[in-house]
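**Q** What follows is a single structure, and I will ask about it in a moment.
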Amino acid sequence: QHQRQLQVLERSGQDITRASEVELVVDQSVVISGESGSGKTESSKRVLGYLVTRAGKTATGAVTELDDRLISVGPILEAFGNASTVCNHNSSRFGKFSKLHFHQTSQGRMEGRTWRLVGASVETYLLEQSRVVNHSEGERNFHVFYQLIMGASDGMREELGLPTLATLRSFRYLSAGMLSSAKSSTASENVGRLGN
């Protein structure tokens, strides 16, 4: 499946480059859809990473701040919009529409046009809000709640009034889902991202 994704991505990159053969440049779209657990979240990360890598670097090959910010928004969206379900430990409970804005940096007909990433926007929709107060047996609430509890320092825990792991089961909205075995360093890292 990974190889097929790369072939599709490379083809879309070639299509953009071949647009140099005609004067009219048209917008391009990539639609990622599928059943629950089919890999939409991972596929969208790969598409985004590929496009940023292909068109997001400066003339010296350095990654720009925009590229960095665009890629780092993924874990934040996942924390607030993904949850563990019976079928998928990282199931997106929302829809996402990402729009990337490119600027043409050269117009050479022989070597093809080159593009630079100059802007982006991400819109979310249809968040499964009912999951906050009600989820099925064996499923969890949104990741952010568990990441905060498992990754918060003692000072943050006291400031925000967060429960300790020992008292977690007393919180009805979190107790139905099982705590993951994620390392606290990963949870701390995620909490750090949320604060920035």
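Ordered as shown in the structure tokens, chains take letters A, B, and onward, while each chain numbers its residues from 1 and ligands are numbered from 1 in the order shown.
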List the neighbours of stretch 46-56 of chain A out to 6 Å using only C-alpha atoms; skip same-chain residues closer than 2 positions along the sequence, and give me the result as a ChimeraX atom specification.

**A** /A:43-44,115-117

**Q** Assign secondary structure with DSSP using the backbone only, and return the residues of stretch 44-145 of chain A in strand (DSSP E or B) as a count of residues only.

**A** 31

**Q** In Å to one decimal, how far is atom CA of A:Pro163 from atom CA of A:Val144?

**A**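 Calculated distance between atom CA of A:Val144 and atom CA of A:Pro163 is 14.0 Å.
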
**Q** Smallest atom-to-atom distance to A:Arg131: which of A:Gln147, A:Thr167, A:Ser92, A:Gly119, using only C-alpha atoms?

**A**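 When distances to A:Arg131 are compared using only C-alpha atoms, the smallest one comes from A:Ser92.
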
**Q** Which is closer to A:Gly74 than all the others in A:Ser33, A:Gln104, A:Gln28, A:Thr124, using only C-alpha atoms?

**A** A:Thr124

**Q** Give the helix (DSSP H, G or I) residues of stretch 23-162 of chain A, as DSSP finds them on the backbone, and put them as an MDAnalysis selection string.

**A** chainID A and resid 40:55 65:81 129:132 143:151 154:160

**Q** Find, counting only C-alpha atoms, the residue in A:Asp154, A:Phe94, A:Ser29, A:Thr85 that gets nearest to A:Leu126.

**A**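 When distances to A:Leu126 are compared using only C-alpha atoms, the smallest one comes from A:Phe94.
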
**Q** So which one's closest to A:Glu137, A:Met150, A:Val122, A:Ala166, A:Val86? Using only C-alpha atoms, please.

**A**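 Once distances to A:Glu137 are computed over only C-alpha atoms, the minimum belongs to A:Val86.
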
**Q** At what distance in Å, to one decimal, does atom CA of A:Ala83 lie from atom CA of A:Arg140?

**A**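 Distance reported for this atom pair: 6.0 Å.
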